[in-house]
Amino acid sequence: MLTLIGVAIVILGFALRLNPLLVVVAAAVATGFAAGMDLVGIVSEFGRAFTQNRYMALVWLTLPVIGMLEKNGLKERAQALIARVGGATTGRVLMLYLFIRQVTASLGLTAFGGHAPMVRPLVAPMAEAAAENRYGELPPETRFLIRAHAAAADNIGLFYGEDIFIAIGSVLLIKAFLDQAGYPLTPLQIALWAIPTALAALLIQLFRLWRLDRRLQRELGNRP
Amino acid sequence: MNVLDGIYLLLGLMFAAAAWLNLKDRGNPRHLRRASFWALYAATFLFGTWLPPFVVGCLAIGMALLAGLGLGKSGAAEPTDAERRAGAARFGNRLFIPALLIPVVTVLGTLLLQNYTPGGKPLVEMKDATLVALGLSVIVALAAGLYMLRQPFAVPLTESRRLVDAVGPVVALPQLLAVLGAVFAVSGVGQVVAALVGRFIPVDSALAVVCAYCIGMALFTLVMGNAFAAFPVMTAGIGLPLIVKLHGGDAAIMGAIGMLAGYSGTLMTPLAANFNIVPAALLELPDQNGVIKVQIPTGLALLVVNTLLMYFLVFRF
């Protein structure tokens, strides 16, 4: 039971909004001690896993390009492009992105998209611009809500699209685990059963984006 | 040194530039702390391949301590409205080309690296193909951008400093959470949780077992921040013994839908930092949970959908 102390520290630390880096380190050290490791062992395990997971930071390598383009008006250009599309709304822009993200992910093209390369420089500005073109200057809360929906579209498209692809990490993990347990399966057998959920996820999120448009219309459409 | 190590060196140089530009920002009362934080992070990329794990661990813990002390505000200059409008007018839709080169070259590069095997040997390890392709795509996009926009070499570095400063220490959070997952795994946290969940299920009811497995996957993912960590534990503890062996369910359906039930947890937890906390920082939302709040209704709805799908499908095939 004592090994759960790390889980408790994480929940408490995040709930109290302490610095997340500090919370995570404290939880790791406490869990290590509870499991009977010594300090050098814990720090070494920490360093080993930190280096092993460096790949998670590779997405930041796109920032020099994105920053340079932003400085030269990429967001303004994305907004101008949307202004020329009649009938563009925030919800429709995000519906289109969600659809593209999910379809490309289901073909294994998970690199199409992402928060740093696509959402911040292109998708979120377009979604915001679509609302601005209809309703004028947006209140900050609305702006933040639209951005959050843009990030959510990326996540939901990715999560529920990629599992249909047979060579993706999650499918291979399921296969490897069940193989080991004595249930040999092909990746296709597993990926097939991800399709109903993928369709449900797409429909639910499309419905929510349709409701987002209605909400924007209700809140901003009748402003003086 | 392989290709991927070379790409990590580039990342190290980018963070080193952020450290250097913060160090030169003498007017900022926190410039030393800010510079130290990025310098430590840069060191993990520049020397990480060669440093002993204990030293890397010390660097990472040093970063967490600095972040805990507080890094204050960035002194990076935002691009002015005039600058951005002038660029947009001058370059027009050409601005999209470098931005789109990143995903296009990543995808094409991945396919090429995975399929082009001169002499029966791939150029890079299969599992590294996407990462290497991403690195290459950035080099291509950067070269194209510098050339097309006639920008000085310093601009990408000052701009990446502005952006890493805007995101802040959260930049390293996904990696640290992966570390926490590794420590949880060696300490056997998963087995304890599975045993706890297993103790409270009425095992005779097929519906109860399916609910326990799906909701358990989501809850465990909520706590671990990662459905991949939850899957082996919940499946060994509940899925295989109760759904498949006791009630005769289909293993493929259990596995596929079980993993997707876990994703509901991913949508709702701050511990899945790279999907939830990082974009909130990247999009400069005042609430670090802003993305999670938008995703909770979808996450809950899909948990119900997955539980029902599993109940109606898993015993039929």
# chains A, B, ... in the order shown; residues from 1 in each chain; ligands from 1
>>> closest_atom_pairs(of="chain A", to="chain B", cutoff="6 Å", atoms="only C-alpha atoms", output="JSON lines")
{"residue": "A:Thr3", "atom": "CA", "partner": "B:Val189", "partner_atom": "CA", "distance": 5.9}
{"residue": "A:Asn19", "atom": "CA", "partner": "B:Gly68", "partner_atom": "CA", "distance": 5.6}
{"residue": "A:Leu21", "atom": "CA", "partner": "B:Ala64", "partner_atom": "CA", "distance": 5.0}
{"residue": "A:Leu22", "atom": "CA", "partner": "B:Ala64", "partner_atom": "CA", "distance": 5.1}
{"residue": "A:Ala28", "atom": "CA", "partner": "B:Leu180", "partner_atom": "CA", "distance": 5.3}
{"residue": "A:Ala35", "atom": "CA", "partner": "B:Ser187", "partner_atom": "CA", "distance": 5.4}
{"residue": "A:Val43", "atom": "CA", "partner": "B:Gly57", "partner_atom": "CA", "distance": 5.0}
{"residue": "A:Ser44", "atom": "CA", "partner": "B:Phe54", "partner_atom": "CA", "distance": 4.0}
{"residue": "A:Phe46", "atom": "CA", "partner": "B:Gly57", "partner_atom": "CA", "distance": 5.1}
{"residue": "A:Gly47", "atom": "CA", "partner": "B:Gly57", "partner_atom": "CA", "distance": 3.6}
{"residue": "A:Arg48", "atom": "CA", "partner": "B:Pro53", "partner_atom": "CA", "distance": 4.8}
{"residue": "A:Ala49", "atom": "CA", "partner": "B:Val179", "partner_atom": "CA", "distance": 5.1}
{"residue": "A:Phe50", "atom": "CA", "partner": "B:Val179", "partner_atom": "CA", "distance": 5.8}
{"residue": "A:Asn53", "atom": "CA", "partner": "B:Gln175", "partner_atom": "CA", "distance": 5.8}
{"residue": "A:Leu61", "atom": "CA", "partner": "B:Leu11", "partner_atom": "CA", "distance": 5.9}
{"residue": "A:Thr62", "atom": "CA", "partner": "B:Val138", "partner_atom": "CA", "distance": 5.9}
{"residue": "A:Leu63", "atom": "CA", "partner": "B:Ser160", "partner_atom": "CA", "distance": 5.1}
{"residue": "A:Pro64", "atom": "CA", "partner": "B:Pro156", "partner_atom": "CA", "distance": 4.4}
{"residue": "A:Val65", "atom": "CA", "partner": "B:Leu142", "partner_atom": "CA", "distance": 5.5}
{"residue": "A:Gly67", "atom": "CA", "partner": "B:Glu159", "partner_atom": "CA", "distance": 4.7}
{"residue": "A:Met68", "atom": "CA", "partner": "B:Pro156", "partner_atom": "CA", "distance": 5.3}
{"residue": "A:Lys71", "atom": "CA", "partner": "B:Pro79", "partner_atom": "CA", "distance": 5.4}
{"residue": "A:Asn72", "atom": "CA", "partner": "B:Gly87", "partner_atom": "CA", "distance": 4.3}
{"residue": "A:Gly73", "atom": "CA", "partner": "B:Arg84", "partner_atom": "CA", "distance": 4.1}
{"residue": "A:Leu74", "atom": "CA", "partner": "B:Leu95", "partner_atom": "CA", "distance": 5.9}
{"residue": "A:Arg77", "atom": "CA", "partner": "B:Ala88", "partner_atom": "CA", "distance": 5.6}
{"residue": "A:Ala111", "atom": "CA", "partner": "B:Pro103", "partner_atom": "CA", "distance": 5.8}
{"residue": "A:Phe112", "atom": "CA", "partner": "B:Pro103", "partner_atom": "CA", "distance": 5.1}
{"residue": "A:His115", "atom": "CA", "partner": "B:Pro279", "partner_atom": "CA", "distance": 5.9}
{"residue": "A:Phe144", "atom": "CA", "partner": "B:Leu285", "partner_atom": "CA", "distance": 5.9}
{"residue": "A:Ala148", "atom": "CA", "partner": "B:Val291", "partner_atom": "CA", "distance": 4.7}
{"residue": "A:Ile190", "atom": "CA", "partner": "B:Ala252", "partner_atom": "CA", "distance": 5.2}
{"residue": "A:Trp193", "atom": "CA", "partner": "B:Ile253", "partner_atom": "CA", "distance": 5.9}
{"residue": "A:Ala194", "atom": "CA", "partner": "B:Ala256", "partner_atom": "CA", "distance": 5.9}
>>> write_last_selection(atoms="N, CA and C atoms", output="short mmCIF file (atom, residue, chain, number, x, y, z; two decimals), in the first residue's frame")
data_model
loop_
_atom_site.label_atom_id
_atom_site.label_comp_id
_atom_site.auth_asym_id
_atom_site.auth_seq_id
_atom_site.Cartn_x
_atom_site.Cartn_y
_atom_site.Cartn_z
N THR A 3 3.40 1.88 -1.54
CA THR A 3 3.87 2.28 -2.87
C THR A 3 2.91 3.25 -3.55
N ASN A 19 3.97 23.55 -8.38
CA ASN A 19 4.71 23.43 -9.64
C ASN A 19 4.76 21.97 -10.08
N LEU A 21 6.52 20.19 -12.12
CA LEU A 21 7.81 19.51 -12.20
C LEU A 21 8.23 19.03 -10.82
N LEU A 22 8.04 19.90 -9.84
CA LEU A 22 8.43 19.58 -8.47
C LEU A 22 7.57 18.43 -7.92
N ALA A 28 8.14 10.73 -7.55
CA ALA A 28 9.05 9.67 -7.99
C ALA A 28 9.99 9.27 -6.85
N ALA A 35 9.46 1.80 -2.18
CA ALA A 35 9.75 0.49 -2.76
C ALA A 35 11.11 -0.04 -2.32
N VAL A 43 17.83 8.28 -8.25
CA VAL A 43 18.30 9.33 -9.16
C VAL A 43 18.81 8.72 -10.46
N SER A 44 19.47 7.58 -10.36
CA SER A 44 19.98 6.92 -11.57
C SER A 44 18.83 6.45 -12.45
N PHE A 46 15.93 7.67 -12.52
CA PHE A 46 15.40 8.93 -13.02
C PHE A 46 16.13 9.37 -14.28
N GLY A 47 17.45 9.41 -14.19
CA GLY A 47 18.26 9.85 -15.33
C GLY A 47 18.13 8.91 -16.52
N ARG A 48 18.10 7.60 -16.22
CA ARG A 48 17.99 6.62 -17.31
C ARG A 48 16.68 6.83 -18.07
N ALA A 49 15.57 6.93 -17.33
CA ALA A 49 14.27 7.11 -17.97
C ALA A 49 14.18 8.48 -18.65
N PHE A 50 14.79 9.49 -18.06
CA PHE A 50 14.76 10.83 -18.65
C PHE A 50 15.42 10.81 -20.03
N ASN A 53 13.42 8.88 -22.66
CA ASN A 53 12.21 9.54 -23.15
C ASN A 53 12.49 10.90 -23.78
N LEU A 61 11.58 20.95 -31.58
CA LEU A 61 12.49 21.35 -32.64
C LEU A 61 11.78 22.14 -33.74
N THR A 62 10.44 22.04 -33.79
CA THR A 62 9.71 22.81 -34.80
C THR A 62 9.60 24.29 -34.42
N LEU A 63 9.90 24.64 -33.15
CA LEU A 63 9.66 26.01 -32.71
C LEU A 63 10.45 27.08 -33.46
N PRO A 64 11.73 26.85 -33.82
CA PRO A 64 12.43 27.90 -34.58
C PRO A 64 11.71 28.25 -35.88
N VAL A 65 11.19 27.23 -36.57
CA VAL A 65 10.49 27.48 -37.82
C VAL A 65 9.17 28.21 -37.55
N GLY A 67 8.24 29.94 -34.94
CA GLY A 67 8.46 31.29 -34.42
C GLY A 67 8.81 32.27 -35.53
N MET A 68 9.70 31.84 -36.42
CA MET A 68 10.11 32.71 -37.53
C MET A 68 8.91 33.05 -38.43
N LYS A 71 6.55 35.51 -36.68
CA LYS A 71 7.09 36.87 -36.70
C LYS A 71 6.83 37.54 -38.04
N ASN A 72 6.73 36.73 -39.08
CA ASN A 72 6.50 37.28 -40.41
C ASN A 72 5.04 37.19 -40.86
N GLY A 73 4.14 36.96 -39.87
CA GLY A 73 2.72 37.11 -40.19
C GLY A 73 1.98 35.85 -40.59
N LEU A 74 2.45 34.66 -40.17
CA LEU A 74 1.76 33.43 -40.54
C LEU A 74 0.32 33.42 -40.03
N ARG A 77 -1.90 35.66 -41.97
CA ARG A 77 -2.17 35.08 -43.29
C ARG A 77 -3.25 34.00 -43.18
N ALA A 111 2.00 12.02 -38.05
CA ALA A 111 2.80 13.25 -38.04
C ALA A 111 2.05 14.42 -38.69
N PHE A 112 0.91 14.13 -39.32
CA PHE A 112 0.08 15.20 -39.88
C PHE A 112 -0.67 15.85 -38.74
N HIS A 115 0.22 19.88 -31.83
CA HIS A 115 -0.09 21.17 -31.23
C HIS A 115 0.91 22.26 -31.62
N PHE A 144 -10.19 31.90 -25.63
CA PHE A 144 -9.55 30.76 -24.97
C PHE A 144 -10.35 29.47 -25.18
N ALA A 148 -8.96 26.08 -26.90
CA ALA A 148 -9.00 24.79 -26.21
C ALA A 148 -9.68 23.75 -27.09
N ILE A 190 -7.13 -6.82 -34.17
CA ILE A 190 -7.28 -5.84 -33.08
C ILE A 190 -7.73 -4.50 -33.64
N TRP A 193 -11.50 -3.79 -34.42
CA TRP A 193 -12.45 -3.50 -33.35
C TRP A 193 -12.28 -2.11 -32.79
N ALA A 194 -11.35 -1.33 -33.35
CA ALA A 194 -11.24 0.07 -32.96
C ALA A 194 -12.15 0.94 -33.81
#
>>> select_by_dssp(residues="chain A", states="alpha helix (DSSP H)", output="PDB file with C-alpha atoms, in the first residue's frame")
ATOM      1  CA  ILE A   5       2.221   7.307  -1.843  1.00  0.00           C
ATOM      2  CA  GLY A   6       3.464   8.631  -5.192  1.00  0.00           C
ATOM      3  CA  VAL A   7      -0.040   8.530  -6.631  1.00  0.00           C
ATOM      4  CA  ALA A   8      -1.320  10.458  -3.601  1.00  0.00           C
ATOM      5  CA  ILE A   9       1.417  13.080  -3.969  1.00  0.00           C
ATOM      6  CA  VAL A  10       0.603  13.566  -7.656  1.00  0.00           C
ATOM      7  CA  ILE A  11      -3.140  13.950  -7.064  1.00  0.00           C
ATOM      8  CA  LEU A  12      -2.627  16.323  -4.134  1.00  0.00           C
ATOM      9  CA  GLY A  13       0.119  18.314  -5.860  1.00  0.00           C
ATOM     10  CA  PHE A  14      -1.848  18.826  -9.068  1.00  0.00           C
ATOM     11  CA  ALA A  15      -5.005  19.665  -7.110  1.00  0.00           C
ATOM     12  CA  PRO A  20       4.101  20.261 -11.683  1.00  0.00           C
ATOM     13  CA  LEU A  21       7.805  19.509 -12.201  1.00  0.00           C
ATOM     14  CA  LEU A  22       8.428  19.583  -8.470  1.00  0.00           C
ATOM     15  CA  VAL A  23       5.344  17.432  -7.772  1.00  0.00           C
ATOM     16  CA  VAL A  24       6.484  14.781 -10.243  1.00  0.00           C
ATOM     17  CA  VAL A  25      10.021  14.636  -8.843  1.00  0.00           C
ATOM     18  CA  ALA A  26       8.702  14.421  -5.266  1.00  0.00           C
ATOM     19  CA  ALA A  27       6.303  11.621  -6.227  1.00  0.00           C
ATOM     20  CA  ALA A  28       9.049   9.671  -7.988  1.00  0.00           C
ATOM     21  CA  VAL A  29      11.463   9.980  -5.063  1.00  0.00           C
ATOM     22  CA  ALA A  30       8.796   9.040  -2.493  1.00  0.00           C
ATOM     23  CA  THR A  31       7.667   6.021  -4.539  1.00  0.00           C
ATOM     24  CA  GLY A  32      11.262   4.885  -4.951  1.00  0.00           C
ATOM     25  CA  PHE A  33      11.894   5.094  -1.206  1.00  0.00           C
ATOM     26  CA  ALA A  34       8.627   3.296  -0.463  1.00  0.00           C
ATOM     27  CA  LEU A  39      18.693   7.707  -3.248  1.00  0.00           C
ATOM     28  CA  VAL A  40      21.475   6.979  -5.753  1.00  0.00           C
ATOM     29  CA  GLY A  41      19.369   4.207  -7.270  1.00  0.00           C
ATOM     30  CA  ILE A  42      16.355   6.474  -7.566  1.00  0.00           C
ATOM     31  CA  VAL A  43      18.300   9.334  -9.160  1.00  0.00           C
ATOM     32  CA  SER A  44      19.985   6.925 -11.569  1.00  0.00           C
ATOM     33  CA  GLU A  45      16.651   5.373 -12.589  1.00  0.00           C
ATOM     34  CA  PHE A  46      15.399   8.926 -13.016  1.00  0.00           C
ATOM     35  CA  GLY A  47      18.261   9.848 -15.334  1.00  0.00           C
ATOM     36  CA  ARG A  48      17.987   6.624 -17.306  1.00  0.00           C
ATOM     37  CA  ALA A  49      14.271   7.109 -17.974  1.00  0.00           C
ATOM     38  CA  PHE A  50      14.761  10.833 -18.655  1.00  0.00           C
ATOM     39  CA  THR A  51      17.289  10.082 -21.395  1.00  0.00           C
ATOM     40  CA  GLN A  52      15.207   7.207 -22.745  1.00  0.00           C
ATOM     41  CA  LEU A  63       9.657  26.010 -32.709  1.00  0.00           C
ATOM     42  CA  PRO A  64      12.425  27.904 -34.576  1.00  0.00           C
ATOM     43  CA  VAL A  65      10.490  27.485 -37.824  1.00  0.00           C
ATOM     44  CA  ILE A  66       7.089  28.258 -36.294  1.00  0.00           C
ATOM     45  CA  GLY A  67       8.464  31.291 -34.424  1.00  0.00           C
ATOM     46  CA  MET A  68      10.108  32.714 -37.526  1.00  0.00           C
ATOM     47  CA  LEU A  69       6.921  32.277 -39.549  1.00  0.00           C
ATOM     48  CA  GLU A  70       4.815  33.835 -36.791  1.00  0.00           C
ATOM     49  CA  LYS A  71       7.091  36.871 -36.697  1.00  0.00           C
ATOM     50  CA  LEU A  74       1.756  33.426 -40.543  1.00  0.00           C
ATOM     51  CA  LYS A  75      -1.223  33.805 -38.190  1.00  0.00           C
ATOM     52  CA  GLU A  76      -2.393  36.939 -39.999  1.00  0.00           C
ATOM     53  CA  ARG A  77      -2.173  35.075 -43.290  1.00  0.00           C
ATOM     54  CA  ALA A  78      -4.141  32.108 -41.926  1.00  0.00           C
ATOM     55  CA  GLN A  79      -6.800  34.542 -40.734  1.00  0.00           C
ATOM     56  CA  ALA A  80      -6.945  36.300 -44.100  1.00  0.00           C
ATOM     57  CA  LEU A  81      -7.345  32.959 -45.841  1.00  0.00           C
ATOM     58  CA  ILE A  82     -10.338  32.042 -43.669  1.00  0.00           C
ATOM     59  CA  ALA A  83     -11.921  35.454 -44.262  1.00  0.00           C
ATOM     60  CA  THR A  90     -15.306  28.161 -35.921  1.00  0.00           C
ATOM     61  CA  GLY A  91     -17.123  24.853 -35.615  1.00  0.00           C
ATOM     62  CA  ARG A  92     -16.775  24.011 -39.308  1.00  0.00           C
ATOM     63  CA  VAL A  93     -13.058  24.866 -39.391  1.00  0.00           C
ATOM     64  CA  LEU A  94     -12.490  22.546 -36.423  1.00  0.00           C
ATOM     65  CA  MET A  95     -14.780  19.845 -37.850  1.00  0.00           C
ATOM     66  CA  LEU A  96     -12.693  19.787 -41.013  1.00  0.00           C
ATOM     67  CA  TYR A  97      -9.445  19.625 -39.045  1.00  0.00           C
ATOM     68  CA  LEU A  98     -10.812  16.877 -36.763  1.00  0.00           C
ATOM     69  CA  PHE A  99     -11.847  14.844 -39.792  1.00  0.00           C
ATOM     70  CA  ILE A 100      -8.509  15.260 -41.585  1.00  0.00           C
ATOM     71  CA  ARG A 101      -6.575  14.487 -38.396  1.00  0.00           C
ATOM     72  CA  GLN A 102      -8.543  11.331 -37.694  1.00  0.00           C
ATOM     73  CA  VAL A 103      -8.433  10.016 -41.267  1.00  0.00           C
ATOM     74  CA  THR A 104      -4.690  10.655 -41.673  1.00  0.00           C
ATOM     75  CA  ALA A 105      -3.989   9.103 -38.256  1.00  0.00           C
ATOM     76  CA  SER A 106      -6.010   6.028 -39.202  1.00  0.00           C
ATOM     77  CA  ALA A 124      -6.382  27.920 -33.721  1.00  0.00           C
ATOM     78  CA  PRO A 125      -5.870  31.239 -35.577  1.00  0.00           C
ATOM     79  CA  MET A 126      -8.203  30.082 -38.350  1.00  0.00           C
ATOM     80  CA  ALA A 127     -10.872  28.990 -35.859  1.00  0.00           C
ATOM     81  CA  GLU A 128     -10.583  32.311 -34.031  1.00  0.00           C
ATOM     82  CA  ALA A 129     -10.648  34.290 -37.274  1.00  0.00           C
ATOM     83  CA  ALA A 130     -13.809  32.520 -38.429  1.00  0.00           C
ATOM     84  CA  ALA A 131     -15.570  33.756 -35.281  1.00  0.00           C
ATOM     85  CA  GLU A 132     -14.061  37.239 -35.570  1.00  0.00           C
ATOM     86  CA  ASN A 133     -15.246  37.607 -39.131  1.00  0.00           C
ATOM     87  CA  ARG A 134     -18.798  36.968 -37.981  1.00  0.00           C
ATOM     88  CA  TYR A 135     -18.947  38.601 -34.596  1.00  0.00           C
ATOM     89  CA  PRO A 140     -10.924  36.739 -24.072  1.00  0.00           C
ATOM     90  CA  GLU A 141     -12.906  33.804 -22.573  1.00  0.00           C
ATOM     91  CA  THR A 142     -14.353  33.009 -26.001  1.00  0.00           C
ATOM     92  CA  ARG A 143     -10.918  33.202 -27.572  1.00  0.00           C
ATOM     93  CA  PHE A 144      -9.546  30.756 -24.971  1.00  0.00           C
ATOM     94  CA  LEU A 145     -12.525  28.411 -25.391  1.00  0.00           C
ATOM     95  CA  ILE A 146     -11.968  28.278 -29.159  1.00  0.00           C
ATOM     96  CA  ARG A 147      -8.263  27.575 -28.698  1.00  0.00           C
ATOM     97  CA  ALA A 148      -9.004  24.790 -26.206  1.00  0.00           C
ATOM     98  CA  HIS A 149     -11.417  23.239 -28.715  1.00  0.00           C
ATOM     99  CA  ALA A 150      -8.710  23.413 -31.387  1.00  0.00           C
ATOM    100  CA  ALA A 151      -6.320  21.481 -29.130  1.00  0.00           C
ATOM    101  CA  ALA A 152      -9.086  18.992 -28.274  1.00  0.00           C
ATOM    102  CA  ALA A 153      -9.825  18.372 -31.976  1.00  0.00           C
ATOM    103  CA  ASP A 154      -6.177  17.469 -32.509  1.00  0.00           C
ATOM    104  CA  ASN A 155      -6.129  15.059 -29.532  1.00  0.00           C
ATOM    105  CA  ILE A 156      -9.434  13.347 -30.292  1.00  0.00           C
ATOM    106  CA  GLY A 157      -8.660  12.974 -34.005  1.00  0.00           C
ATOM    107  CA  LEU A 158      -5.281  11.466 -33.176  1.00  0.00           C
ATOM    108  CA  PHE A 159      -6.315   9.125 -30.331  1.00  0.00           C
ATOM    109  CA  TYR A 160      -9.334   7.566 -31.990  1.00  0.00           C
ATOM    110  CA  GLY A 161      -7.834   7.518 -35.477  1.00  0.00           C
ATOM    111  CA  GLU A 162      -4.459   5.928 -34.891  1.00  0.00           C
ATOM    112  CA  GLY A 169       2.257   1.501 -30.943  1.00  0.00           C
ATOM    113  CA  SER A 170      -0.975   0.790 -29.092  1.00  0.00           C
ATOM    114  CA  VAL A 171      -2.075  -2.012 -31.433  1.00  0.00           C
ATOM    115  CA  LEU A 172       1.363  -3.593 -31.270  1.00  0.00           C
ATOM    116  CA  LEU A 173       1.331  -3.323 -27.473  1.00  0.00           C
ATOM    117  CA  ILE A 174      -2.052  -5.081 -27.275  1.00  0.00           C
ATOM    118  CA  LYS A 175      -0.817  -7.775 -29.652  1.00  0.00           C
ATOM    119  CA  ALA A 176       2.453  -8.306 -27.794  1.00  0.00           C
ATOM    120  CA  PHE A 177       0.678  -8.536 -24.444  1.00  0.00           C
ATOM    121  CA  LEU A 178      -2.028 -10.948 -25.604  1.00  0.00           C
ATOM    122  CA  ASP A 179       0.545 -13.053 -27.504  1.00  0.00           C
ATOM    123  CA  GLN A 180       2.457 -13.485 -24.291  1.00  0.00           C
ATOM    124  CA  PRO A 187      -2.754  -6.684 -35.638  1.00  0.00           C
ATOM    125  CA  LEU A 188      -5.642  -6.510 -38.120  1.00  0.00           C
ATOM    126  CA  GLN A 189      -7.966  -8.431 -35.772  1.00  0.00           C
ATOM    127  CA  ILE A 190      -7.276  -5.844 -33.082  1.00  0.00           C
ATOM    128  CA  ALA A 191      -7.372  -2.735 -35.287  1.00  0.00           C
ATOM    129  CA  LEU A 192     -10.745  -3.819 -36.740  1.00  0.00           C
ATOM    130  CA  ILE A 195     -13.491   1.184 -35.830  1.00  0.00           C
ATOM    131  CA  PRO A 196     -16.845   1.410 -33.943  1.00  0.00           C
ATOM    132  CA  THR A 197     -15.275   3.614 -31.269  1.00  0.00           C
ATOM    133  CA  ALA A 198     -13.532   5.733 -33.909  1.00  0.00           C
ATOM    134  CA  LEU A 199     -16.873   6.453 -35.583  1.00  0.00           C
ATOM    135  CA  ALA A 200     -18.510   7.205 -32.236  1.00  0.00           C
ATOM    136  CA  ALA A 201     -15.688   9.606 -31.301  1.00  0.00           C
ATOM    137  CA  LEU A 202     -15.988  11.409 -34.625  1.00  0.00           C
ATOM    138  CA  LEU A 203     -19.773  11.763 -34.335  1.00  0.00           C
ATOM    139  CA  ILE A 204     -19.656  12.923 -30.706  1.00  0.00           C
ATOM    140  CA  GLN A 205     -17.011  15.550 -31.397  1.00  0.00           C
ATOM    141  CA  LEU A 206     -18.707  16.774 -34.595  1.00  0.00           C
ATOM    142  CA  PHE A 207     -21.895  17.184 -32.566  1.00  0.00           C
ATOM    143  CA  ARG A 208     -20.028  19.123 -29.879  1.00  0.00           C
ATOM    144  CA  LEU A 209     -18.446  21.428 -32.472  1.00  0.00           C
ATOM    145  CA  TRP A 210     -21.883  22.030 -34.002  1.00  0.00           C
ATOM    146  CA  ARG A 211     -23.030  23.001 -30.502  1.00  0.00           C
ATOM    147  CA  LEU A 212     -19.985  25.273 -30.149  1.00  0.00           C
ATOM    148  CA  ASP A 213     -21.120  27.199 -33.226  1.00  0.00           C
ATOM    149  CA  ARG A 214     -24.626  27.515 -31.771  1.00  0.00           C
ATOM    150  CA  ARG A 215     -23.179  28.726 -28.500  1.00  0.00           C
ATOM    151  CA  LEU A 216     -21.040  31.359 -30.220  1.00  0.00           C
ATOM    152  CA  GLN A 217     -24.076  32.501 -32.191  1.00  0.00           C
ATOM    153  CA  ARG A 218     -26.159  32.716 -29.023  1.00  0.00           C
ATOM    154  CA  GLU A 219     -23.551  34.549 -26.972  1.00  0.00           C
ATOM    155  CA  LEU A 220     -22.058  36.828 -29.610  1.00  0.00           C
TER     156      LEU A 220
END
